[in-house]
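K.L.:
This one is work17.cif, mmCIF, C-alpha atoms.
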data_upload
#
loop_
_atom_site.label_atom_id
_atom_site.label_comp_id
_atom_site.auth_asym_id
_atom_site.auth_seq_id
_atom_site.Cartn_x
_atom_site.Cartn_y
_atom_site.Cartn_z
CA MET A 29 100.26 56.23 134.05
CA LYS A 30 103.34 54.57 132.63
CA ASP A 31 102.78 51.83 135.22
CA GLU A 32 99.35 51.07 133.73
CA PHE A 33 99.91 51.85 130.05
CA ASN A 34 102.67 51.10 127.59
CA VAL A 35 103.07 54.54 125.98
CA PHE A 36 104.79 55.10 122.64
CA VAL A 37 104.89 58.66 121.28
CA ILE A 38 105.36 59.58 117.62
CA TYR A 39 106.16 63.17 116.68
CA VAL A 40 106.69 64.42 113.11
CA GLN A 41 108.09 67.81 112.13
CA GLY A 42 108.95 69.37 108.79
CA VAL A 43 112.32 71.15 108.48
CA PRO A 44 112.99 73.24 105.31
CA ASP A 45 116.79 72.95 105.30
CA LEU A 46 117.10 69.30 106.33
CA SER A 47 120.08 67.71 104.56
CA LYS A 48 118.28 64.42 103.90
CA LYS A 49 114.69 63.37 103.30
CA PHE A 50 114.07 61.94 106.78
CA GLU A 51 115.94 62.05 110.06
CA PHE A 52 115.09 59.90 113.10
CA VAL A 53 115.60 60.53 116.81
CA GLU A 54 114.62 58.07 119.56
CA ASN A 55 114.33 58.74 123.28
CA THR A 56 113.14 56.92 126.36
CA GLU A 57 112.33 59.03 129.40
CA ASN A 58 110.40 58.06 132.53
CA GLY A 59 109.47 54.78 130.88
CA ILE A 60 107.90 56.47 127.83
CA ARG A 61 109.37 55.76 124.40
CA GLU A 62 109.44 58.56 121.86
CA ARG A 63 110.27 58.42 118.16
CA ILE A 64 110.75 61.75 116.39
CA VAL A 65 110.90 61.99 112.60
CA TYR A 66 112.02 65.15 110.83
CA PHE A 67 111.24 65.39 107.12
CA LYS A 68 112.58 67.74 104.47
CA GLN A 69 109.86 70.33 104.04
CA SER A 70 109.07 71.26 100.44
CA GLN A 71 108.99 74.91 99.42
CA SER A 72 107.55 74.25 95.95
CA ALA A 73 104.26 75.50 94.55
CA LEU A 74 102.74 72.11 95.45
CA ARG A 75 104.21 72.16 98.96
CA LYS A 76 100.91 71.60 100.78
CA VAL A 77 100.25 68.30 99.03
CA THR A 78 103.92 67.25 99.03
CA ASN A 79 104.40 67.99 102.71
CA ALA A 80 101.20 66.18 103.65
CA ARG A 81 102.47 63.08 101.86
CA ARG A 82 105.87 63.34 103.52
CA TYR A 83 104.22 63.83 106.90
CA LYS A 84 102.14 60.67 106.42
CA LEU A 85 105.15 58.68 105.25
CA ALA A 86 107.15 59.94 108.23
CA GLN A 87 104.45 58.64 110.59
CA ILE A 88 104.45 55.27 108.83
CA LEU A 89 108.25 55.06 109.08
CA ALA A 90 108.09 56.03 112.75
CA PHE A 91 105.70 53.18 113.47
CA LYS A 92 107.74 50.66 111.50
CA ASN A 93 109.18 47.82 113.59
CA VAL A 94 107.14 48.75 116.66
CA ASP A 95 107.06 45.56 118.72
CA PHE A 96 103.42 45.68 119.84
CA LYS A 97 99.94 46.30 118.47
CA PRO A 98 98.46 49.36 120.18
CA ASP A 99 95.09 49.17 121.90
CA LEU A 100 94.45 52.86 121.26
CA CYS A 101 95.88 55.90 119.45
CA HIS A 102 95.71 59.35 121.00
CA VAL A 103 95.76 62.09 118.35
CA HIS A 104 96.52 65.70 119.18
CA VAL A 105 95.28 68.57 116.99
CA PRO A 106 94.05 66.80 113.83
CA TYR A 107 93.63 66.33 111.01
CA ARG A 108 97.12 65.75 109.60
CA SER A 109 98.33 64.22 112.86
CA ALA A 110 95.60 61.55 112.48
CA PHE A 111 96.99 59.96 109.30
CA LEU A 112 98.55 56.99 111.10
CA ALA A 113 95.59 56.61 113.45
CA LEU A 114 93.22 56.38 110.49
CA ASP A 115 95.34 53.60 108.97
CA LEU A 116 95.47 51.70 112.27
CA ARG A 117 91.73 52.10 112.67
CA LYS A 118 91.31 49.88 109.60
CA LYS A 119 93.16 47.20 111.58
CA GLY A 120 90.82 47.49 114.57
CA VAL A 121 92.73 50.07 116.60
CA PRO A 122 90.42 52.88 117.81
CA PHE A 123 91.62 56.43 118.34
CA VAL A 124 90.71 59.43 120.47
CA ILE A 125 91.40 63.11 119.83
CA THR A 126 92.51 65.96 122.05
CA GLU A 127 91.93 69.36 120.48
CA HIS A 128 93.70 72.37 121.95
CA TRP A 129 94.02 74.55 118.85
CA SER A 130 93.38 78.23 119.53
CA GLY A 131 91.99 78.60 116.00
CA HIS A 132 88.56 77.65 117.33
CA ILE A 133 88.70 80.76 119.54
CA ASN A 134 90.57 83.38 117.49
CA GLY A 135 88.70 82.94 114.19
CA GLU A 136 91.38 80.97 112.30
CA TYR A 137 88.99 78.03 111.94
CA ASP A 138 86.63 80.18 109.87
CA LYS A 139 89.48 81.01 107.49
CA LYS A 140 90.10 77.37 106.58
CA ASN A 141 88.98 76.29 103.13
CA ALA A 142 85.94 74.07 102.71
CA ALA A 143 87.99 70.99 101.78
CA ASP A 144 90.11 71.17 104.94
CA ILE A 145 87.03 71.63 107.14
CA THR A 146 85.32 68.68 105.47
CA ILE A 147 88.32 66.39 106.05
CA TYR A 148 88.70 67.69 109.62
CA LYS A 149 85.08 66.84 110.44
CA GLN A 150 85.40 63.42 108.81
CA VAL A 151 88.34 62.65 111.11
CA LEU A 152 86.39 63.88 114.14
CA GLY A 153 83.51 61.62 113.19
CA LYS A 154 85.73 58.52 113.25
CA ALA A 155 87.16 59.16 116.72
CA LYS A 156 85.94 57.13 119.70
CA GLY A 157 86.19 60.18 121.91
CA ILE A 158 87.12 63.87 121.77
CA SER A 159 88.55 65.95 124.60
CA VAL A 160 89.39 69.64 124.84
CA VAL A 161 91.39 71.52 127.46
CA SER A 162 88.93 74.18 128.64
CA GLU A 163 85.23 74.97 128.82
CA LEU A 164 85.61 77.93 126.46
CA LEU A 165 87.28 75.73 123.86
CA GLN A 166 84.53 73.14 124.35
CA ARG A 167 81.85 75.74 123.53
CA LYS A 168 83.70 77.12 120.51
CA PHE A 169 84.56 73.64 119.23
CA LYS A 170 80.87 72.68 119.43
CA GLU A 171 79.81 75.86 117.64
CA ASN A 172 82.30 75.26 114.83
CA THR A 173 81.97 71.52 114.31
CA SER A 174 78.72 70.40 116.02
CA PHE A 175 80.75 67.66 117.77
CA ASP A 176 80.48 67.01 121.51
CA SER A 177 83.60 66.75 123.65
CA ILE A 178 84.65 66.39 127.26
CA VAL A 179 86.96 68.76 129.13
CA ILE A 180 90.23 67.30 130.38
CA PRO A 181 92.52 70.15 131.44
CA ASN A 182 96.25 70.01 130.89
CA LEU A 183 98.25 68.22 133.57
CA ILE A 184 100.33 70.69 135.55
CA GLU A 185 103.76 69.67 136.80
CA GLU A 186 105.49 71.11 139.83
CA GLN A 187 108.91 71.10 141.45
CA ILE A 188 110.07 71.77 144.97
CA ASP A 189 110.99 75.39 145.67
CA THR A 190 114.76 75.63 146.06
CA SER A 191 115.01 79.39 145.42
CA THR A 192 116.53 81.92 147.80
CA ASN A 193 115.41 85.56 147.99
CA ASP A 194 118.48 87.79 148.33
CA ARG A 195 117.52 90.59 145.98
CA GLU A 196 116.68 93.25 148.59
CA ASP A 197 113.90 95.55 147.32
CA ARG A 198 113.87 94.52 143.66
CA ILE A 199 110.57 93.10 142.43
CA GLU A 200 110.95 90.32 139.90
CA ILE A 201 108.20 89.62 137.36
CA LEU A 202 108.08 86.67 134.98
CA THR A 203 106.38 85.85 131.70
CA VAL A 204 106.86 82.63 129.70
CA SER A 205 105.79 82.88 126.10
CA ASP A 206 106.34 81.96 122.50
CA LEU A 207 107.40 85.26 120.98
CA VAL A 208 104.54 85.42 118.48
CA ASP A 209 103.18 88.88 119.05
CA ASP A 210 99.78 88.54 117.36
CA THR A 211 98.90 85.83 119.86
CA LYS A 212 100.96 86.64 122.96
CA ASN A 213 101.08 90.46 122.73
CA VAL A 214 104.51 90.70 124.33
CA THR A 215 105.01 94.21 122.90
CA GLY A 216 101.88 95.28 124.77
CA LEU A 217 103.32 93.83 127.97
CA ILE A 218 106.57 95.71 127.47
CA SER A 219 104.75 99.00 126.85
CA ALA A 220 102.63 98.50 129.98
CA PHE A 221 105.73 97.53 131.96
CA LYS A 222 107.42 100.75 130.79
CA ASN A 223 104.55 102.82 132.22
CA ALA A 224 104.57 100.91 135.52
CA ASN A 225 108.36 101.18 135.74
CA GLU A 226 108.14 104.97 135.56
CA THR A 227 106.17 104.87 138.81
CA HIS A 228 108.11 102.05 140.46
CA GLU A 229 111.68 101.92 139.13
CA ASN A 230 112.67 98.75 141.01
CA LEU A 231 110.66 96.51 138.71
CA ASN A 232 112.38 93.86 136.64
CA LEU A 233 110.77 91.67 133.99
CA THR A 234 112.16 88.37 132.75
CA ILE A 235 110.95 86.86 129.47
CA ILE A 236 111.46 83.14 128.89
CA GLY A 237 110.82 81.91 125.36
CA GLY A 238 111.68 82.51 121.74
CA GLY A 239 109.97 82.85 118.41
CA PRO A 240 109.65 84.71 115.12
CA ASP A 241 109.08 88.12 116.71
CA GLU A 242 112.06 87.97 119.06
CA ALA A 243 114.06 90.62 117.14
CA LEU A 244 111.04 92.96 117.04
CA ILE A 245 110.47 92.61 120.77
CA LYS A 246 114.12 93.11 121.68
CA ALA A 247 114.24 96.20 119.47
CA LEU A 248 111.28 97.66 121.37
CA VAL A 249 113.03 97.05 124.69
CA LYS A 250 116.06 98.92 123.37
CA ASP A 251 113.98 101.77 121.96
CA LEU A 252 112.25 102.22 125.32
CA GLY A 253 115.54 102.12 127.21
CA LEU A 254 114.56 99.12 129.29
CA GLN A 255 117.67 96.97 128.80
CA ASN A 256 118.50 97.20 132.52
CA HIS A 257 115.00 96.16 133.55
CA ILE A 258 114.05 93.44 131.05
CA THR A 259 115.98 90.18 130.70
CA PHE A 260 115.59 87.63 127.89
CA ARG A 261 116.46 84.07 128.90
CA GLY A 262 115.52 82.45 125.59
CA ARG A 263 113.98 79.00 125.29
CA LEU A 264 114.57 76.73 128.28
CA GLU A 265 113.97 73.04 128.90
CA HIS A 266 110.62 72.32 130.51
CA ASP A 267 112.15 71.37 133.87
CA GLU A 268 114.07 74.65 133.90
CA VAL A 269 110.88 76.62 133.27
CA ILE A 270 109.03 74.81 136.06
CA SER A 271 111.88 75.60 138.46
CA ALA A 272 112.07 79.23 137.33
CA TYR A 273 108.63 80.23 138.61
CA HIS A 274 109.87 80.00 142.19
CA ASN A 275 112.44 82.75 141.63
CA TYR A 276 109.89 85.48 140.84
CA ASP A 277 107.34 87.49 142.81
CA PHE A 278 104.43 87.26 140.37
CA TYR A 279 103.57 86.19 136.86
CA ILE A 280 102.00 87.96 133.86
CA CYS A 281 100.14 86.50 130.87
CA ASN A 282 99.20 89.19 128.35
CA SER A 283 97.99 86.84 125.60
CA ASN A 284 95.21 87.67 123.18
CA PHE A 285 94.21 83.98 122.97
CA GLU A 286 94.85 80.93 125.18
CA THR A 287 92.90 77.69 125.03
CA PHE A 288 94.06 76.80 128.56
CA GLY A 289 96.94 78.97 129.75
CA MET A 290 99.42 76.34 130.88
CA THR A 291 102.04 78.80 132.13
CA VAL A 292 99.46 80.66 134.21
CA ALA A 293 98.45 77.45 135.95
CA GLU A 294 102.11 76.45 136.42
CA ALA A 295 102.85 79.80 138.09
CA LEU A 296 99.91 79.36 140.46
CA LEU A 297 101.02 75.83 141.30
CA ALA A 298 104.42 77.32 142.20
CA GLY A 299 102.55 79.57 144.64
CA LYS A 300 102.85 82.79 142.65
CA PRO A 301 99.96 85.20 142.10
CA VAL A 302 99.22 86.10 138.49
CA ILE A 303 98.00 88.86 136.26
CA SER A 304 96.23 87.50 133.21
CA THR A 305 94.15 88.77 130.36
CA LYS A 306 90.70 87.30 129.77
CA CYS A 307 92.11 85.42 126.81
CA GLY A 308 90.21 82.13 126.96
CA GLY A 309 91.35 79.48 129.39
CA PRO A 310 92.79 81.43 132.35
CA GLU A 311 89.55 83.11 133.41
CA GLU A 312 88.18 79.66 134.26
CA TYR A 313 90.57 79.43 137.22
CA VAL A 314 92.07 82.91 137.84
CA ASN A 315 90.07 84.99 140.31
CA SER A 316 90.46 87.70 142.94
CA LYS A 317 91.87 85.14 145.39
CA ASN A 318 94.84 84.22 143.23
CA GLY A 319 95.40 87.15 140.90
CA ILE A 320 94.05 89.92 138.70
CA LEU A 321 92.10 89.53 135.46
CA ILE A 322 92.11 92.29 132.83
CA GLU A 323 90.76 92.68 129.30
CA THR A 324 92.99 91.85 126.35
CA LYS A 325 94.91 94.61 124.53
CA ASP A 326 94.45 97.06 127.42
CA ASN A 327 97.90 98.42 128.25
CA LYS A 328 96.54 100.96 130.70
CA ALA A 329 94.75 98.27 132.69
CA LEU A 330 97.86 96.09 132.63
CA SER A 331 100.06 98.92 133.94
CA ALA A 332 97.58 99.52 136.75
CA ALA A 333 97.43 95.79 137.53
CA ILE A 334 101.23 95.61 137.75
CA LEU A 335 101.30 98.46 140.25
CA ASP A 336 98.43 96.91 142.22
CA MET A 337 100.25 93.58 142.33
CA VAL A 338 103.45 95.29 143.50
CA GLY A 339 101.55 96.36 146.60
CA GLU A 340 99.68 93.09 147.11
CA TYR A 341 101.78 90.12 146.01
CA LYS A 342 103.16 89.50 149.52
CA ASN A 343 99.62 89.18 150.88
CA TYR A 344 98.84 86.06 148.83
CA SER A 345 99.33 82.72 150.54
CA SER A 346 101.70 80.63 148.46
CA SER A 347 100.38 77.38 149.93
CA GLU A 348 96.76 78.32 149.27
CA LEU A 349 97.53 79.21 145.65
CA SER A 350 99.31 75.90 145.16
CA ASN A 351 96.67 73.80 146.88
CA GLU A 352 93.78 75.33 144.93
CA ILE A 353 95.34 74.74 141.54
CA ARG A 354 96.60 71.30 142.55
CA THR A 355 93.05 70.29 143.41
CA LYS A 356 91.88 71.35 139.95
CA PHE A 357 94.77 70.30 137.74
CA GLY A 358 97.07 68.11 139.84
CA ALA A 359 98.65 65.00 138.38
CA GLU A 360 96.47 62.40 140.10
CA LYS A 361 93.18 64.03 139.12
CA ILE A 362 94.10 64.54 135.46
CA LYS A 363 95.60 61.06 135.17
CA SER A 364 92.35 59.53 136.40
CA GLN A 365 90.38 61.53 133.82
CA ILE A 366 92.70 60.46 131.01
CA LYS A 367 92.53 56.83 132.12
CA GLU A 368 88.72 56.91 132.05
CA PHE A 369 88.83 58.60 128.62
CA TYR A 370 91.05 55.82 127.28
CA LEU A 371 89.13 52.92 128.79
CA ASN A 372 85.80 54.25 127.54
CA ALA A 373 87.22 54.37 124.00
CA ILE A 374 88.79 50.91 124.20
CA ASN A 375 85.69 49.28 125.68
CA ASP A 376 83.16 51.06 123.47
#
As structure tokens - that is how I would like this structure written.

P.N.:
Amino acid sequence: MKDEFNVFVIYVQGVPDLSKKFEFVENTENGIRERIVYFKQSQSALRKVTNARRYKLAQILAFKNVDFKPDLCHVHVPYRSAFLALDLRKKGVPFVITEHWSGHINGEYDKKNAADITIYKQVLGKAKGISVVSELLQRKFKENTSFDSIVIPNLIEEQIDTSTNDREDRIEILTVSDLVDDTKNVTGLISAFKNANETHENLNLTIIGGGPDEALIKALVKDLGLQNHITFRGRLEHDEVISAYHNYDFYICNSNFETFGMTVAEALLAGKPVISTKCGGPEEYVNSKNGILIETKDNKALSAAILDMVGEYKNYSSSELSNEIRTKFGAEKIKSQIKEFYLNAIND
């Protein structure tokens, strides 16, 4: 799409211990320019208002000296991220929204105060188009806001398999996750893995990712005596994650909520069968031909699924798994959907 569109990305992030008020980082990769602005995040009693103002100013500063007038703004997860788009709208620049917030599914939306919901809906009402990443999110978004949307799934990237299998009879399992246990339920995965490992001691689990519950999760691994069977690789660059899928026999997602389930789709595109909870997005494309679906928060079912997959993972066709998911979420298809989304908004 970079050949058809001039793409400029602005990303703003608050950092509590930043040494100065704003810090700027600029990158250009694959023809796409990116300007990142970090702002000093307030911890005061009025931090919500203060940080909103700093966020807006950071967006304005990020856009300063841009050498073109945009035809369109693409806002992700409003409403705060729409501050700049709302200003540009006054100058004739339309904007579209992509919503992929799990709060519409897990009940967090209902906990928002009335003022935030009012502003959120006002922003939605000014957008020229709204997309979401899954059919489940589309239904929940409609229920919560009354706004229509179209489904444009996430674009899934792939890399050529350069792995070599020299591990004899060891079975390698992978999960990629932010270590936020309320959402990802990594402790549940570890408990289920412990039960499966008692039956099949040659199982190994690798966890890629980091987050606020990392210490808690590592402590559980130690308490269960699984240090020789569970490996933590920490946060990796995206390209490293995409390459990693090829080195494992199957993939597990034990999340409580997923609006799409990007890592599940990435594993399938790498030709690996999956075990996934019915957590939102994945059940729209995971089925008996490419994996096993289980209920959320069911450690017994997950243990059984792991043992079932141990006996079956070699029977899945890697090429068939890849081809099926590529047809649904491959780059060319998603790019064409995004292009149509943009042009409809610009020409409206």

K.L.:
Which residues match the PyMOL selection byres ((chain A and resi 303-309) around 6) in the file above, as a list in words?

P.N.:
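Output from the PyMOL selection byres ((chain A and resi 303-309) around 6), applied to this file: Ser162, Ile280, Cys281, Asn282, Asn284, Phe285, Glu286, Thr287, Phe288, Gly289, Val302, Pro310, Glu311, Glu312, Gly319, Ile320, Leu321, Ile322, Glu323 and Thr324 of chain A.
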
K.L.:
Which residue out of A:Leu330, A:Leu231, A:Leu112, A:Val53 has the minimum interatomic distance to A:Asn213 when all atoms listed in the file are used?

P.N.:
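Looking only at the distances to A:Asn213, the closest residue turns out to be A:Leu330.
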
K.L.:
Excluding same-chain residues fewer than 2 positions from A:Val338, what lies within 12 Å of it counting all atoms listed in the file, as a ChimeraX atom specification?

P.N.:
/A:197-201,221,224-225,227-232,277-279,301-303,319-320,331-336,340-344

K.L.:
So what do you get for atom CA of A:Pro106 versus atom CA of A:Glu171, distance-wise?

P.N.:
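If I compute the distance from atom CA of A:Pro106 to atom CA of A:Glu171, I get 17.3 Å.
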
K.L.:
A:Ala90: which residues within 7 Å, counting all atoms listed in the file, same-chain residues fewer than 3 positions away excluded, as a ChimeraX atom specification?

P.N.:
/A:38,63,65,86-87

K.L.:
Just the number, please: distance in Å from atom CA of A:Glu136 to atom CA of A:Ile366, one decimal.

P.N.:
27.8 Å

K.L.:
Figure out the distance between atom CA of A:Glu185 and atom CA of A:Ile258, please, to one decimal in Å.

P.N.:
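For atom CA of A:Ile258 relative to atom CA of A:Glu185, the distance reads 26.5 Å.
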
K.L.:
List the residues selected by the PyMOL selection byres ((chain A and resi 79) around 12) in the file shown, writing them as JSON, numbers by chain.

P.N.:
{"A": [40, 41, 42, 43, 44, 49, 66, 67, 68, 69, 70, 71, 72, 73, 74, 75, 76, 77, 78, 80, 81, 82, 83, 84, 85, 86, 108]}

K.L.:
Can you give me, as a list in words, the residues this file yields under the PyMOL selection byres ((chain A and resi 345-350) around 10)?

P.N.:
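Against this file, the PyMOL selection byres ((chain A and resi 345-350) around 10) returns the residues Glu186, Ala293, Glu294, Ala295, Leu296, Leu297, Ala298, Gly299, Lys300, Pro301, Lys317, Asn318, Gly319, Tyr341, Lys342, Asn343, Tyr344, Asn351, Glu352, Ile353, Arg354, Thr355 and Gly358 of chain A.
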
K.L.:
Pick the closest to A:Gly237 from A:Lys92, A:Arg261, A:Arg117, A:Arg61: which is it, counting all atoms listed in the file?

P.N.:
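Using all atoms listed in the file, A:Gly237 sits closest to A:Arg261.
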
K.L.:
Pick the closest to A:Lys246 from A:Pro181, A:Gly157, A:Gly59, A:Gly262: which is it, counting only C-alpha atoms?

P.N.:
A:Gly262

K.L.:
Mind checking which residues fall within 10 Å of stretch 360-363 of chain A, counting all atoms listed in the file, ignoring those fewer than 5 positions away in the same chain, and posting them as an mmCIF file with C-alpha atoms, keeping the file's coordinate frame?

P.N.:
data_model
loop_
_atom_site.group_PDB
_atom_site.id
_atom_site.type_symbol
_atom_site.label_atom_id
_atom_site.label_comp_id
_atom_site.auth_asym_id
_atom_site.auth_seq_id
_atom_site.Cartn_x
_atom_site.Cartn_y
_atom_site.Cartn_z
ATOM 1 C CA MET A 29 100.260 56.230 134.050
ATOM 2 C CA ILE A 180 90.230 67.300 130.380
ATOM 3 C CA PRO A 181 92.520 70.150 131.440
ATOM 4 C CA ASN A 182 96.250 70.010 130.890
ATOM 5 C CA LEU A 183 98.250 68.220 133.570
ATOM 6 C CA ILE A 184 100.330 70.690 135.550
ATOM 7 C CA ARG A 354 96.600 71.300 142.550
ATOM 8 C CA THR A 355 93.050 70.290 143.410
ATOM 9 C CA GLU A 368 88.720 56.910 132.050
ATOM 10 C CA PHE A 369 88.830 58.600 128.620
#

K.L.:
Within 10 Å of A:Leu207, counting all atoms listed in the file, which residues show up once you throw out same-chain ones fewer than 2 positions away? Write them as a count of residues only, please.

P.N.:
21

K.L.:
Hey, which of A:Ile270, A:Ile158, A:Ala113, A:Val37 ends up closest to A:Val94? Count all atoms listed in the file.

P.N.:
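Of A:Ile270, A:Ile158, A:Ala113, A:Val37, the one nearest A:Val94, counting all atoms listed in the file, is A:Val37.
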
K.L.:
Would you kindly return, as a list in words, each protein, DNA or RNA residue with an atom no farther than 12 Å from any atom of A:Val35, considering all atoms listed in the file and excluding same-chain residues fewer than 3 positions away?

P.N.:
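Once the adjacent positions are removed, what remains is Met29, Lys30, Asp31, Glu32, Ile38, Thr56, Glu57, Asn58, Gly59, Ile60, Arg61, Glu62, Arg63, Val94, Phe96, Lys97, Pro98, Asp99, Leu100, Cys101 and His102 of chain A.
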
K.L.:
Which of these residues is nearest to A:Leu89, using all atoms listed in the file: A:Leu165, A:Ile64, A:Ile374, A:Met290?

P.N.:
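For A:Leu89, the nearest of the given residues is A:Ile64.
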